[in-house]
$ cat my_file_10.txt   # compact mmCIF, C-alpha atoms and all ligand atoms
# COMPACT_ATOMS: atom_id res chain seq x y z
CA SER B 766 59.64 85.97 83.56
CA ALA B 767 59.26 89.12 85.65
CA ALA B 768 60.53 87.27 88.75
CA VAL B 769 64.05 86.65 87.45
CA LYS B 770 64.07 90.24 86.28
CA GLY B 771 63.36 91.42 89.82
CA GLY B 772 60.03 92.95 88.81
CA PHE B 773 61.55 94.92 85.92
CA ALA B 774 60.39 94.57 82.34
CA THR B 775 63.91 93.85 81.07
CA PHE B 776 67.22 92.50 82.37
CA MET B 777 68.84 95.74 81.24
CA GLU B 778 66.68 97.77 83.64
CA LYS B 779 67.17 95.29 86.44
CA GLU B 780 70.93 95.34 85.96
CA ILE B 781 71.07 99.15 85.91
CA HIS B 782 69.18 99.07 89.21
CA ASP B 783 71.56 96.39 90.55
CA GLN B 784 74.50 98.79 90.22
CA PRO B 785 74.66 100.17 93.77
CA LEU B 786 74.90 96.58 95.02
CA ALA B 787 77.45 95.63 92.35
CA VAL B 788 79.75 98.42 93.57
CA ALA B 789 79.14 97.63 97.26
CA ASP B 790 79.75 93.91 96.76
CA THR B 791 82.94 94.54 94.82
CA LEU B 792 84.22 96.72 97.66
CA ARG B 793 83.20 94.33 100.43
CA GLY B 794 85.90 92.64 102.50
CA ARG B 795 88.86 94.40 100.89
CA ALA B 796 90.27 96.10 104.02
CA ASP B 797 91.61 94.75 107.32
CA ALA B 798 90.75 96.04 110.80
CA GLU B 799 93.37 98.79 110.49
CA GLY B 800 91.86 100.01 107.22
CA ARG B 801 94.72 98.63 105.12
CA LEU B 802 93.71 97.28 101.75
CA LYS B 803 94.16 93.56 101.37
CA LEU B 804 93.48 91.78 98.13
CA ASP B 805 93.72 88.14 99.20
CA GLU B 806 92.98 86.65 95.81
CA LEU B 807 95.91 88.49 94.30
CA ARG B 808 98.45 85.70 94.22
CA ILE B 809 101.26 87.65 92.56
CA ASP B 810 104.22 88.04 94.91
CA GLU B 811 104.42 91.46 96.55
CA SER B 812 108.10 91.63 95.60
CA VAL B 813 107.13 91.23 91.93
CA LEU B 814 104.43 93.90 92.19
CA ARG B 815 106.90 96.31 93.77
CA LEU B 816 109.19 96.00 90.76
CA ILE B 817 106.75 96.38 87.89
CA ASN B 818 107.49 99.44 85.78
CA LYS B 819 104.58 99.38 83.35
CA ILE B 820 100.96 98.30 83.29
CA ILE B 821 99.10 97.39 80.12
CA VAL B 822 95.34 97.01 80.34
CA ILE B 823 93.81 94.79 77.66
CA ALA B 824 90.08 94.38 77.12
CA CYS B 825 87.29 94.75 74.55
CA GLY B 826 84.13 96.82 74.37
CA THR B 827 82.83 98.29 77.59
CA ALA B 828 85.56 96.59 79.62
CA ALA B 829 88.15 98.56 77.65
CA TYR B 830 86.51 101.82 78.74
CA ALA B 831 86.86 100.68 82.36
CA GLY B 832 90.56 100.31 81.50
CA HIS B 833 90.73 103.90 80.28
CA VAL B 834 89.30 105.10 83.60
CA ALA B 835 91.85 102.90 85.39
CA LYS B 836 94.71 104.64 83.60
CA TYR B 837 93.84 108.02 85.14
CA ALA B 838 93.58 106.59 88.65
CA ILE B 839 96.55 104.22 88.61
CA GLU B 840 98.97 106.70 87.05
CA LEU B 841 98.00 109.41 89.53
CA TRP B 842 98.09 107.18 92.60
CA CYS B 843 101.03 104.91 91.73
CA ARG B 844 103.13 106.89 89.23
CA ILE B 845 103.38 103.77 87.05
CA PRO B 846 102.81 104.32 83.31
CA VAL B 847 99.60 102.65 82.15
CA GLU B 848 98.74 101.81 78.55
CA VAL B 849 95.27 100.71 77.53
CA GLU B 850 94.89 98.57 74.47
CA LEU B 851 92.07 96.73 72.73
CA ALA B 852 92.89 93.05 73.17
CA HIS B 853 92.58 92.29 69.45
CA GLU B 854 95.19 94.95 68.58
CA PHE B 855 97.63 93.96 71.30
CA ARG B 856 99.50 90.91 70.10
CA TYR B 857 99.63 91.86 66.43
CA ARG B 858 101.86 94.86 67.01
CA ASP B 859 104.56 92.95 68.87
CA PRO B 860 104.04 94.88 72.13
CA ILE B 861 106.98 95.67 74.40
CA VAL B 862 106.31 93.41 77.35
CA ASP B 863 108.63 91.73 79.87
CA GLU B 864 108.79 90.38 83.45
CA LYS B 865 108.41 93.90 84.78
CA THR B 866 105.13 94.47 82.92
CA LEU B 867 101.84 93.83 84.65
CA VAL B 868 99.13 93.06 82.13
CA VAL B 869 95.62 93.61 83.47
CA ALA B 870 92.97 91.77 81.48
CA ILE B 871 89.45 93.06 82.14
CA SER B 872 86.53 90.87 81.10
CA GLN B 873 83.03 90.38 82.43
CA SER B 874 82.63 86.91 80.97
CA GLY B 875 86.24 85.74 81.08
CA GLU B 876 85.54 84.05 77.74
CA THR B 877 86.16 86.78 75.15
CA MET B 878 88.48 85.09 72.66
CA ASP B 879 90.31 88.28 71.67
CA THR B 880 91.19 88.87 75.32
CA ILE B 881 92.15 85.24 75.94
CA MET B 882 94.59 85.32 73.01
CA ALA B 883 96.11 88.58 74.29
CA VAL B 884 96.54 87.05 77.77
CA ARG B 885 98.36 84.06 76.25
CA HIS B 886 100.62 86.32 74.25
CA ALA B 887 101.48 88.44 77.30
CA ARG B 888 102.35 85.38 79.38
CA GLU B 889 104.51 83.97 76.61
CA GLN B 890 106.50 87.22 76.71
CA GLY B 891 107.07 86.78 80.46
CA ALA B 892 104.57 89.35 81.73
CA LYS B 893 102.48 88.72 84.83
CA VAL B 894 98.77 88.77 84.04
CA LEU B 895 96.11 89.89 86.47
CA ALA B 896 92.50 89.24 85.47
CA ILE B 897 89.64 91.49 86.56
CA CYS B 898 86.69 89.25 85.91
CA ASN B 899 83.05 88.78 86.91
CA THR B 900 82.73 85.05 86.19
CA HIS B 901 84.27 82.55 88.59
CA GLY B 902 86.38 79.83 87.07
CA SER B 903 86.13 81.16 83.50
CA THR B 904 89.03 80.88 81.06
CA ILE B 905 90.74 84.25 81.61
CA PRO B 906 91.09 83.95 85.41
CA ARG B 907 92.18 80.32 85.01
CA GLU B 908 94.95 81.27 82.61
CA ALA B 909 96.03 84.43 84.45
CA ASP B 910 98.62 84.58 87.24
CA ALA B 911 96.10 86.18 89.55
CA VAL B 912 92.54 87.43 89.62
CA LEU B 913 90.58 90.21 91.23
CA TYR B 914 86.93 89.25 90.98
CA THR B 915 84.20 91.81 90.47
CA HIS B 916 81.01 90.91 92.33
CA ALA B 917 78.34 92.32 90.03
CA GLY B 918 76.41 89.03 89.99
CA PRO B 919 75.40 87.40 86.70
CA GLU B 920 74.90 89.90 83.89
CA VAL B 921 72.30 88.71 81.39
CA ALA B 922 71.58 91.68 79.11
CA VAL B 923 74.02 91.59 76.21
CA ALA B 924 75.21 95.18 76.63
CA SER B 925 77.23 95.60 79.81
CA THR B 926 76.11 97.92 82.61
CA LYS B 927 76.62 96.72 86.18
CA ALA B 928 79.77 94.79 85.25
CA PHE B 929 81.23 98.10 84.02
CA LEU B 930 80.71 99.83 87.36
CA ALA B 931 82.15 96.81 89.15
CA GLN B 932 85.19 96.79 86.83
CA ILE B 933 85.89 100.46 87.49
CA THR B 934 85.55 99.81 91.22
CA ALA B 935 88.01 96.90 91.02
CA CYS B 936 90.46 99.11 89.11
CA TYR B 937 90.34 101.71 91.91
CA LEU B 938 91.04 98.94 94.42
CA LEU B 939 93.96 97.69 92.36
CA GLY B 940 95.39 101.21 92.00
CA ALA B 941 95.08 101.92 95.71
CA TYR B 942 96.56 98.53 96.58
CA LEU B 943 99.61 99.11 94.37
CA ALA B 944 100.00 102.61 95.79
CA GLN B 945 99.89 101.20 99.32
CA LEU B 946 102.34 98.43 98.50
CA ARG B 947 104.81 100.71 96.75
CA GLY B 948 104.58 103.48 99.33
CA ASN B 949 102.90 106.05 97.09
CA MET B 950 99.93 106.36 99.42
CA PHE B 951 99.88 106.19 103.20
CA GLY B 952 97.37 104.78 105.66
CA ASP B 953 95.30 107.95 106.03
CA GLU B 954 95.04 108.45 102.30
CA ILE B 955 94.02 104.83 101.74
CA ARG B 956 91.42 105.07 104.48
CA SER B 957 89.90 108.26 103.14
CA LEU B 958 89.82 106.82 99.61
CA LEU B 959 88.06 103.70 100.90
CA ASP B 960 85.61 105.94 102.77
CA GLU B 961 84.88 107.87 99.57
CA LEU B 962 84.43 104.62 97.66
CA GLY B 963 82.07 103.42 100.38
CA THR B 964 79.75 106.36 99.66
CA MET B 965 79.53 105.55 95.94
CA PRO B 966 76.71 102.94 96.08
CA ASP B 967 74.32 105.51 97.60
CA LYS B 968 75.37 108.09 95.03
CA VAL B 969 74.76 105.64 92.19
CA ALA B 970 71.31 104.92 93.67
CA GLU B 971 70.59 108.64 93.80
CA VAL B 972 71.27 108.99 90.06
CA ILE B 973 69.04 106.00 89.32
CA GLY B 974 66.39 107.90 91.27
CA SER B 975 66.17 110.41 88.40
CA GLU B 976 65.21 107.67 85.93
CA GLU B 977 61.75 109.08 85.17
CA GLU B 978 63.09 112.45 84.14
CA ILE B 979 65.78 110.82 81.96
CA ALA B 980 63.16 108.54 80.38
CA ARG B 981 61.02 111.57 79.49
CA VAL B 982 63.90 113.21 77.68
CA ALA B 983 64.83 109.95 75.93
CA ASN B 984 61.25 109.36 74.77
CA ASP B 985 61.20 112.72 73.02
CA LEU B 986 64.38 111.86 71.12
CA ALA B 987 63.37 108.50 69.65
CA ASP B 988 63.75 109.86 66.11
CA VAL B 989 67.17 111.49 66.32
CA PRO B 990 69.66 110.24 63.74
CA SER B 991 72.85 110.93 65.68
CA VAL B 992 74.10 111.89 69.15
CA LEU B 993 77.56 113.16 70.07
CA PHE B 994 79.07 112.74 73.55
CA LEU B 995 81.80 114.98 74.95
CA GLY B 996 83.87 114.41 78.06
CA ARG B 997 87.30 115.28 79.33
CA HIS B 998 89.80 113.56 81.66
CA VAL B 999 88.01 110.55 83.25
CA ALA B 1000 84.77 111.60 81.58
CA PHE B 1001 86.31 110.96 78.13
CA PRO B 1002 85.94 107.17 78.47
CA VAL B 1003 82.49 107.82 79.99
CA ALA B 1004 81.56 109.72 76.80
CA MET B 1005 82.75 106.79 74.69
CA GLU B 1006 80.75 104.35 76.81
CA GLY B 1007 77.65 106.57 76.54
CA ALA B 1008 78.01 106.49 72.75
CA LEU B 1009 78.57 102.73 72.73
CA LYS B 1010 75.42 102.12 74.78
CA LEU B 1011 73.38 104.20 72.34
CA LYS B 1012 74.74 102.30 69.33
CA GLU B 1013 74.22 98.93 70.97
CA LEU B 1014 70.74 99.49 72.38
CA ALA B 1015 69.11 102.10 70.14
CA TYR B 1016 71.01 101.60 66.82
CA ILE B 1017 71.67 105.32 66.67
CA HIS B 1018 74.86 106.70 65.26
CA ALA B 1019 76.82 108.01 68.21
CA GLU B 1020 80.38 109.06 68.89
CA GLY B 1021 82.25 109.95 72.03
CA PHE B 1022 84.92 112.64 71.82
CA ALA B 1023 87.48 114.12 74.16
CA ALA B 1024 86.04 117.61 74.68
CA GLY B 1025 89.39 119.23 73.96
CA GLU B 1026 89.41 117.59 70.53
CA LEU B 1027 86.17 119.30 69.50
CA LYS B 1028 87.94 122.25 67.89
CA HIS B 1029 90.29 119.91 66.00
CA GLY B 1030 87.55 118.45 63.84
CA PRO B 1031 84.32 117.19 65.39
CA ILE B 1032 82.88 120.71 65.71
CA ALA B 1033 82.36 120.59 61.93
CA LEU B 1034 79.60 118.05 62.60
CA ILE B 1035 77.54 120.49 64.62
CA ASP B 1036 74.55 122.07 62.96
CA GLU B 1037 70.96 122.91 63.79
CA GLY B 1038 69.39 120.36 66.11
CA GLN B 1039 72.41 118.07 66.60
CA ILE B 1040 72.08 116.46 70.03
CA VAL B 1041 75.26 116.80 72.08
CA VAL B 1042 75.60 115.21 75.51
CA VAL B 1043 78.30 116.87 77.60
CA ILE B 1044 79.70 115.42 80.82
CA VAL B 1045 80.96 118.31 82.92
CA PRO B 1046 83.76 117.79 85.46
CA SER B 1047 83.28 118.85 89.04
CA PRO B 1048 83.82 122.60 89.55
CA ARG B 1049 85.55 121.71 92.82
CA GLY B 1050 88.12 119.38 91.25
CA ARG B 1051 90.40 120.46 88.45
CA ASN B 1052 88.82 123.84 88.08
CA GLU B 1053 90.49 124.77 84.82
CA LEU B 1054 88.88 121.74 83.15
CA HIS B 1055 85.44 122.70 84.40
CA ALA B 1056 85.64 126.11 82.75
CA LYS B 1057 86.93 124.61 79.50
CA VAL B 1058 84.12 122.08 79.24
CA VAL B 1059 81.51 124.73 80.05
CA SER B 1060 82.86 126.80 77.16
CA ASN B 1061 82.59 123.72 74.91
CA ILE B 1062 78.88 123.60 75.72
CA GLN B 1063 78.64 127.26 74.76
CA GLU B 1064 80.49 126.62 71.47
CA VAL B 1065 78.23 123.80 70.30
CA ARG B 1066 75.10 125.63 71.46
CA ALA B 1067 76.11 128.70 69.46
CA ARG B 1068 76.18 126.48 66.35
CA GLY B 1069 72.67 125.17 66.86
CA ALA B 1070 73.23 122.05 68.97
CA LYS B 1071 70.73 120.90 71.56
CA THR B 1072 72.70 120.17 74.71
CA ILE B 1073 72.07 117.55 77.36
CA VAL B 1074 74.42 118.29 80.21
CA ILE B 1075 75.53 115.95 82.99
CA ALA B 1076 76.62 118.22 85.83
CA GLU B 1077 77.26 118.04 89.54
CA ASP B 1078 74.61 119.18 92.03
CA GLY B 1079 74.95 122.90 92.60
CA ASP B 1080 76.95 123.62 89.45
CA ALA B 1081 75.10 126.73 88.24
CA ASP B 1082 77.67 127.62 85.53
CA VAL B 1083 76.09 125.18 83.07
CA GLU B 1084 72.57 126.54 83.39
CA PRO B 1085 72.70 129.26 80.72
CA TYR B 1086 73.87 126.79 78.03
CA ALA B 1087 72.05 123.56 78.81
CA ASP B 1088 68.77 122.58 77.17
CA VAL B 1089 68.50 119.72 79.65
CA ILE B 1090 70.52 119.03 82.82
CA PHE B 1091 70.87 115.63 84.45
CA ARG B 1092 72.33 116.09 87.92
CA ILE B 1093 74.88 113.83 89.60
CA PRO B 1094 75.94 114.03 93.26
CA LYS B 1095 79.17 115.76 94.31
CA THR B 1096 81.98 113.24 93.85
CA PRO B 1097 85.80 113.44 93.76
CA THR B 1098 86.95 113.77 90.13
CA LEU B 1099 88.56 110.36 89.77
CA LEU B 1100 85.52 108.52 91.13
CA ALA B 1101 82.97 110.47 89.05
CA PRO B 1102 82.71 107.90 86.21
CA LEU B 1103 80.73 105.65 88.58
CA VAL B 1104 77.93 108.22 88.75
CA ALA B 1105 78.35 110.02 85.41
CA VAL B 1106 77.79 106.93 83.27
CA VAL B 1107 74.47 106.03 84.91
CA PRO B 1108 72.32 108.72 83.21
CA LEU B 1109 73.86 107.69 79.88
CA GLN B 1110 72.89 104.05 80.42
CA LEU B 1111 69.35 105.05 81.36
CA PHE B 1112 69.15 107.41 78.39
CA ALA B 1113 70.16 104.69 75.91
CA CYS B 1114 67.91 102.10 77.54
CA HIS B 1115 64.82 104.32 77.47
CA LEU B 1116 65.51 105.67 74.01
CA ALA B 1117 65.72 102.09 72.72
CA GLY B 1118 62.53 101.28 74.63
CA ALA B 1119 60.77 104.22 72.97
CA LYS B 1120 61.79 102.77 69.60
CA GLY B 1121 60.31 99.43 70.59
CA LEU B 1122 63.66 97.62 70.50
CA ASP B 1123 64.78 94.59 72.48
CA VAL B 1124 67.25 96.13 74.92
CA ASP B 1125 68.32 92.77 76.35
CA GLN B 1126 69.27 91.23 73.03
CA PRO B 1127 70.21 93.84 70.47
CA ARG B 1128 70.57 92.68 66.88
CA ASN B 1129 73.92 91.28 65.72
CA LEU B 1130 75.52 91.25 69.18
CA ALA B 1131 76.56 88.43 71.49
CA LYS B 1132 77.07 88.59 75.25
CA SER B 1133 80.41 86.94 74.96
CA VAL B 1134 82.29 86.82 71.69
CA THR B 1135 84.12 83.50 71.74
CA VAL B 1136 85.66 83.75 68.28
CA GLU B 1137 88.54 85.96 67.19
C1 LIG B 1201 80.74 91.78 73.84
C2 LIG B 1201 79.58 92.40 74.61
C3 LIG B 1201 80.01 93.72 75.27
C4 LIG B 1201 81.25 93.49 76.12
C5 LIG B 1201 82.38 92.86 75.31
C6 LIG B 1201 83.53 92.39 76.22
O1 LIG B 1201 81.01 92.51 72.70
O2 LIG B 1201 78.48 92.63 73.75
O3 LIG B 1201 78.96 94.22 76.09
O4 LIG B 1201 81.67 94.71 76.66
O5 LIG B 1201 81.92 91.70 74.64
O6 LIG B 1201 83.05 91.32 76.98
P1 LIG B 1201 83.79 90.78 78.27
O7 LIG B 1201 82.98 89.60 78.73
O8 LIG B 1201 85.18 90.38 77.85
O9 LIG B 1201 83.82 91.88 79.27

$ encode --input "my_file_10.txt" --output "structure tokens" --more "lines below"
Ligand code: G6P
Amino acid sequence: SAAVKGGFATFMEKEIHDQPLAVADTLRGRADAEGRLKLDELRIDESVLRLINKIIVIACGTAAYAGHVAKYAIELWCRIPVEVELAHEFRYRDPIVDEKTLVVAISQSGETMDTIMAVRHAREQGAKVLAICNTHGSTIPREADAVLYTHAGPEVAVASTKAFLAQITACYLLGAYLAQLRGNMFGDEIRSLLDELGTMPDKVAEVIGSEEEIARVANDLADVPSVLFLGRHVAFPVAMEGALKLKELAYIHAEGFAAGELKHGPIALIDEGQIVVVIVPSPRGRNELHAKVVSNIQEVRARGAKTIVIAEDGDADVEPYADVIFRIPKTPTLLAPLVAVVPLQLFACHLAGAKGLDVDQPRNLAKSVTVE
């Protein structure tokens, strides 16, 4: 009924609109009066966390892309090497894991069998396992040494949206917590990061505010056979997630590429009319990356592509090369995935809607895959 969908036609739309709250609720109650991060649920001894020398994130699907974002943040803030691995690949390659490895298992449901089996394997090898999970009391948090819950609320639509934003938020909290604990970040830095994170729900809401414009563009593209997504740095996993959403919801062939890889192969795919979505990094952040991605837009445009560009407010450099621009608010580079993925979710959702598809229950997919 419309009531359980909060007045929206589909759970997918409701859950996209729930995202500001999912981020806010995941952030709530994580700092003490002095602005120090405290993660009470994290029952792994501080002395153990101080000694870990490697983190391996294991997950499947959208949750794995949250893990890729986590790698950029945790390595920069904590100087601990982070690997990200699909859970179903992990145990079959005899991974190098020991008591000094922290395995972070990310799962919305906590019941994905591939991830459960990877958690068991990691624990057998002596690693500590931390679950980032949205479902209280599910199997993965029960079997893990500790859990950091995301508070996205129940996610009903099969393809993940709000759980993804909550997972990324939890990964930032984990990274900042480890940096605080291990002395890589000091009080002021933690406080200003928490302040920045606190502004993210409003920024996510602002992007959702451009839904109508995104829907118009999506409606016009209902017949496209293929869409390519390009992103660099933290926007690389965002590009992959944008492509995954389009496959899942609209059954359109889509691929996400690291923008720097374009010249090493994918550019051969570009010809007249190919739709390319490009996520542009902030011009205020790592400036050299901004210029490189802008020139990627130019390169694909010159070969006939139609470009849909996700760019920060005020970034005029993209204007000459973009057929369409979706704006996102100014955001520090590492936190940008929280806003940059939202237009891609809306795009996939509305494109699928224009094709008359069931966005809540796409064909062949299950919300939680409980077989290996
Ligand atoms: C299924 C869902 C995906 C989800 C993946 C991981 O394939 O269709 O949307 O990302 O499982 O699920 P989890 O519950 O472990 O996050």

$ atom_distance --input "my_file_10.txt" --atom1 "CA of Val1045 (chain B)" --atom2 "CA of Glu1026 (chain B)"
15.0 Å

$ closest_atom_pairs --input "my_file_10.txt" --of "chain B" --to "ligand LIG 1201 (chain B)" --cutoff "10 Å" --atoms "all atoms listed in the file" --output "CSV"
residue,atom,partner,partner_atom,distance
B:Ile823,CA,B:LIG1201,O8,9.7
B:Ala824,CA,B:LIG1201,O8,6.4
B:Cys825,CA,B:LIG1201,C6,4.7
B:Gly826,CA,B:LIG1201,O4,4.0
B:Thr827,CA,B:LIG1201,O4,3.9
B:Ala828,CA,B:LIG1201,O9,5.0
B:Ala829,CA,B:LIG1201,O4,7.6
B:Tyr830,CA,B:LIG1201,O4,8.8
B:Ala831,CA,B:LIG1201,O4,9.8
B:Ala852,CA,B:LIG1201,O8,9.4
B:Ala870,CA,B:LIG1201,O8,8.7
B:Ile871,CA,B:LIG1201,O9,6.4
B:Ser872,CA,B:LIG1201,O9,3.4
B:Gln873,CA,B:LIG1201,O9,3.6
B:Ser874,CA,B:LIG1201,O7,3.5
B:Gly875,CA,B:LIG1201,O7,5.6
B:Glu876,CA,B:LIG1201,O7,6.2
B:Thr877,CA,B:LIG1201,O8,4.6
B:Met878,CA,B:LIG1201,O8,8.1
B:Asp879,CA,B:LIG1201,O8,8.3
B:Thr880,CA,B:LIG1201,O8,6.7
B:Ile881,CA,B:LIG1201,O8,8.9
B:Ile897,CA,B:LIG1201,O9,9.3
B:Cys898,CA,B:LIG1201,O9,7.7
B:Asn899,CA,B:LIG1201,O7,8.2
B:Thr900,CA,B:LIG1201,O7,8.7
B:Ile905,CA,B:LIG1201,O8,9.1
B:Glu920,CA,B:LIG1201,O7,9.6
B:Ala922,CA,B:LIG1201,O3,8.4
B:Val923,CA,B:LIG1201,O2,5.2
B:Ala924,CA,B:LIG1201,O3,3.9
B:Ser925,CA,B:LIG1201,O3,4.3
B:Thr926,CA,B:LIG1201,O3,8.0
B:Ala928,CA,B:LIG1201,O9,7.8
B:Phe929,CA,B:LIG1201,O4,8.1
B:Gln932,CA,B:LIG1201,O9,9.1
B:Glu1006,CA,B:LIG1201,O4,9.7
B:Leu1009,CA,B:LIG1201,O3,9.2
B:Lys1010,CA,B:LIG1201,O3,8.8
B:Glu1013,CA,B:LIG1201,O2,8.1
B:Gln1126,CA,B:LIG1201,O2,9.3
B:Pro1127,CA,B:LIG1201,O2,9.0
B:Asn1129,CA,B:LIG1201,O2,9.3
B:Leu1130,CA,B:LIG1201,O2,5.6
B:Ala1131,CA,B:LIG1201,O2,5.1
B:Lys1132,CA,B:LIG1201,O2,4.5
B:Ser1133,CA,B:LIG1201,C1,5.0
B:Val1134,CA,B:LIG1201,C1,5.6
B:Thr1135,CA,B:LIG1201,O5,9.0

$ write_last_selection --input "my_file_10.txt" --atoms "C-alpha atoms" --output "CSV table (one decimal), in the coordinates of the input"
chain,number,residue,atom,x,y,z
B,823,ILE,CA,93.8,94.8,77.7
B,824,ALA,CA,90.1,94.4,77.1
B,825,CYS,CA,87.3,94.8,74.6
B,826,GLY,CA,84.1,96.8,74.4
B,827,THR,CA,82.8,98.3,77.6
B,828,ALA,CA,85.6,96.6,79.6
B,829,ALA,CA,88.2,98.6,77.6
B,830,TYR,CA,86.5,101.8,78.7
B,831,ALA,CA,86.9,100.7,82.4
B,852,ALA,CA,92.9,93.0,73.2
B,870,ALA,CA,93.0,91.8,81.5
B,871,ILE,CA,89.4,93.1,82.1
B,872,SER,CA,86.5,90.9,81.1
B,873,GLN,CA,83.0,90.4,82.4
B,874,SER,CA,82.6,86.9,81.0
B,875,GLY,CA,86.2,85.7,81.1
B,876,GLU,CA,85.5,84.0,77.7
B,877,THR,CA,86.2,86.8,75.2
B,878,MET,CA,88.5,85.1,72.7
B,879,ASP,CA,90.3,88.3,71.7
B,880,THR,CA,91.2,88.9,75.3
B,881,ILE,CA,92.2,85.2,75.9
B,897,ILE,CA,89.6,91.5,86.6
B,898,CYS,CA,86.7,89.2,85.9
B,899,ASN,CA,83.0,88.8,86.9
B,900,THR,CA,82.7,85.0,86.2
B,905,ILE,CA,90.7,84.2,81.6
B,920,GLU,CA,74.9,89.9,83.9
B,922,ALA,CA,71.6,91.7,79.1
B,923,VAL,CA,74.0,91.6,76.2
B,924,ALA,CA,75.2,95.2,76.6
B,925,SER,CA,77.2,95.6,79.8
B,926,THR,CA,76.1,97.9,82.6
B,928,ALA,CA,79.8,94.8,85.2
B,929,PHE,CA,81.2,98.1,84.0
B,932,GLN,CA,85.2,96.8,86.8
B,1006,GLU,CA,80.8,104.4,76.8
B,1009,LEU,CA,78.6,102.7,72.7
B,1010,LYS,CA,75.4,102.1,74.8
B,1013,GLU,CA,74.2,98.9,71.0
B,1126,GLN,CA,69.3,91.2,73.0
B,1127,PRO,CA,70.2,93.8,70.5
B,1129,ASN,CA,73.9,91.3,65.7
B,1130,LEU,CA,75.5,91.2,69.2
B,1131,ALA,CA,76.6,88.4,71.5
B,1132,LYS,CA,77.1,88.6,75.2
B,1133,SER,CA,80.4,86.9,75.0
B,1134,VAL,CA,82.3,86.8,71.7
B,1135,THR,CA,84.1,83.5,71.7

$ residues_around --input "my_file_10.txt" --residues "region 1105-1116 of chain B" --least-positions-apart "5" --cutoff "9 Å" --atoms "all atoms listed in the file" --output "PyMOL selection string"
chain B and resi 777-778+781+784+926+930+969+972-973+975-976+979-987+1000+1003-1004+1006-1008+1010-1015+1042+1044+1075-1076+1091-1093+1121-1122+1124

$ atom_distance --input "my_file_10.txt" --atom1 "CA of Thr1072 (chain B)" --atom2 "CA of Ala1019 (chain B)"
14.4 Å

$ closest_residue --input "my_file_10.txt" --among "B:Leu938, B:Ala887, B:Ala787, B:Leu962" --to "Leu807 (chain B)" --atoms "all atoms listed in the file"
B:Leu938

$ closest_residue --input "my_file_10.txt" --among "B:Leu1099, B:Ile817, B:Ala1070, B:Leu913" --to "Arg997 (chain B)" --atoms "all atoms listed in the file"
B:Leu1099

$ residues_around --input "my_file_10.txt" --residues "Leu804 (chain B)" --least-positions-apart "3" --cutoff "10 Å" --atoms "all atoms listed in the file" --output "PyMOL selection string"
chain B and resi 794-797+801+807-808+912-913+938-939+942

$ atom_distance --input "my_file_10.txt" --atom1 "CA of Pro990 (chain B)" --atom2 "CA of Pro1085 (chain B)"
25.7 Å

$ closest_residue --input "my_file_10.txt" --among "B:Ile955, B:Val999, B:Val1065, B:Cys843" --to "Lys803 (chain B)" --atoms "all atoms listed in the file"
B:Ile955

$ closest_residue --input "my_file_10.txt" --among "B:Leu792, B:Val847, B:His901, B:Ile1017" --to "Lys1120 (chain B)" --atoms "only C-alpha atoms"
B:Ile1017

$ residues_around --input "my_file_10.txt" --residues "Ala1033 (chain B)" --least-positions-apart "4" --cutoff "12 Å" --atoms "all atoms listed in the file" --output "list in words"
Glu1026, Leu1027, Lys1028, His1029, Glu1037, Gln1039, Glu1064, Val1065, Arg1068, Gly1069 and Ala1070 of chain B

$ closest_residue --input "my_file_10.txt" --among "B:Val1041, B:Val1058, B:Val822, B:Val1083" --to "Ala1024 (chain B)" --atoms "only C-alpha atoms"
B:Val1058

$ closest_residue --input "my_file_10.txt" --among "B:Arg1128, B:Lys836, B:Lys968, B:His1055" --to "Pro785 (chain B)" --atoms "all atoms listed in the file"
B:Lys968

$ residues_around --input "my_file_10.txt" --residues "Arg885 (chain B)" --least-positions-apart "6" --cutoff "10 Å" --atoms "only C-alpha atoms" --output "count of residues only"
6

$ build_atoms --input "my_file_10.txt" --residues "region 1070-1077 of chain B" --atoms "N, CA and C atoms" --output "PDB file, in the frame of the given file"
ATOM      1  N   ALA B1070      73.425 123.336  68.297  1.00  0.00           N
ATOM      2  CA  ALA B1070      73.230 122.050  68.970  1.00  0.00           C
ATOM      3  C   ALA B1070      72.214 122.167  70.101  1.00  0.00           C
ATOM      4  N   LYS B1071      71.543 121.035  70.358  1.00  0.00           N
ATOM      5  CA  LYS B1071      70.730 120.900  71.560  1.00  0.00           C
ATOM      6  C   LYS B1071      71.597 120.178  72.584  1.00  0.00           C
ATOM      7  N   THR B1072      71.743 120.746  73.773  1.00  0.00           N
ATOM      8  CA  THR B1072      72.700 120.170  74.710  1.00  0.00           C
ATOM      9  C   THR B1072      72.017 119.496  75.900  1.00  0.00           C
ATOM     10  N   ILE B1073      72.477 118.284  76.159  1.00  0.00           N
ATOM     11  CA  ILE B1073      72.070 117.550  77.360  1.00  0.00           C
ATOM     12  C   ILE B1073      73.322 117.510  78.238  1.00  0.00           C
ATOM     13  N   VAL B1074      73.218 118.098  79.401  1.00  0.00           N
ATOM     14  CA  VAL B1074      74.420 118.290  80.210  1.00  0.00           C
ATOM     15  C   VAL B1074      74.337 117.455  81.480  1.00  0.00           C
ATOM     16  N   ILE B1075      75.420 116.710  81.745  1.00  0.00           N
ATOM     17  CA  ILE B1075      75.530 115.950  82.990  1.00  0.00           C
ATOM     18  C   ILE B1075      76.414 116.792  83.913  1.00  0.00           C
ATOM     19  N   ALA B1076      75.854 117.310  84.976  1.00  0.00           N
ATOM     20  CA  ALA B1076      76.620 118.220  85.830  1.00  0.00           C
ATOM     21  C   ALA B1076      76.344 117.927  87.303  1.00  0.00           C
ATOM     22  N   GLU B1077      77.354 118.283  88.107  1.00  0.00           N
ATOM     23  CA  GLU B1077      77.260 118.040  89.540  1.00  0.00           C
ATOM     24  C   GLU B1077      76.158 118.902  90.169  1.00  0.00           C
TER      25      GLU B1077
END
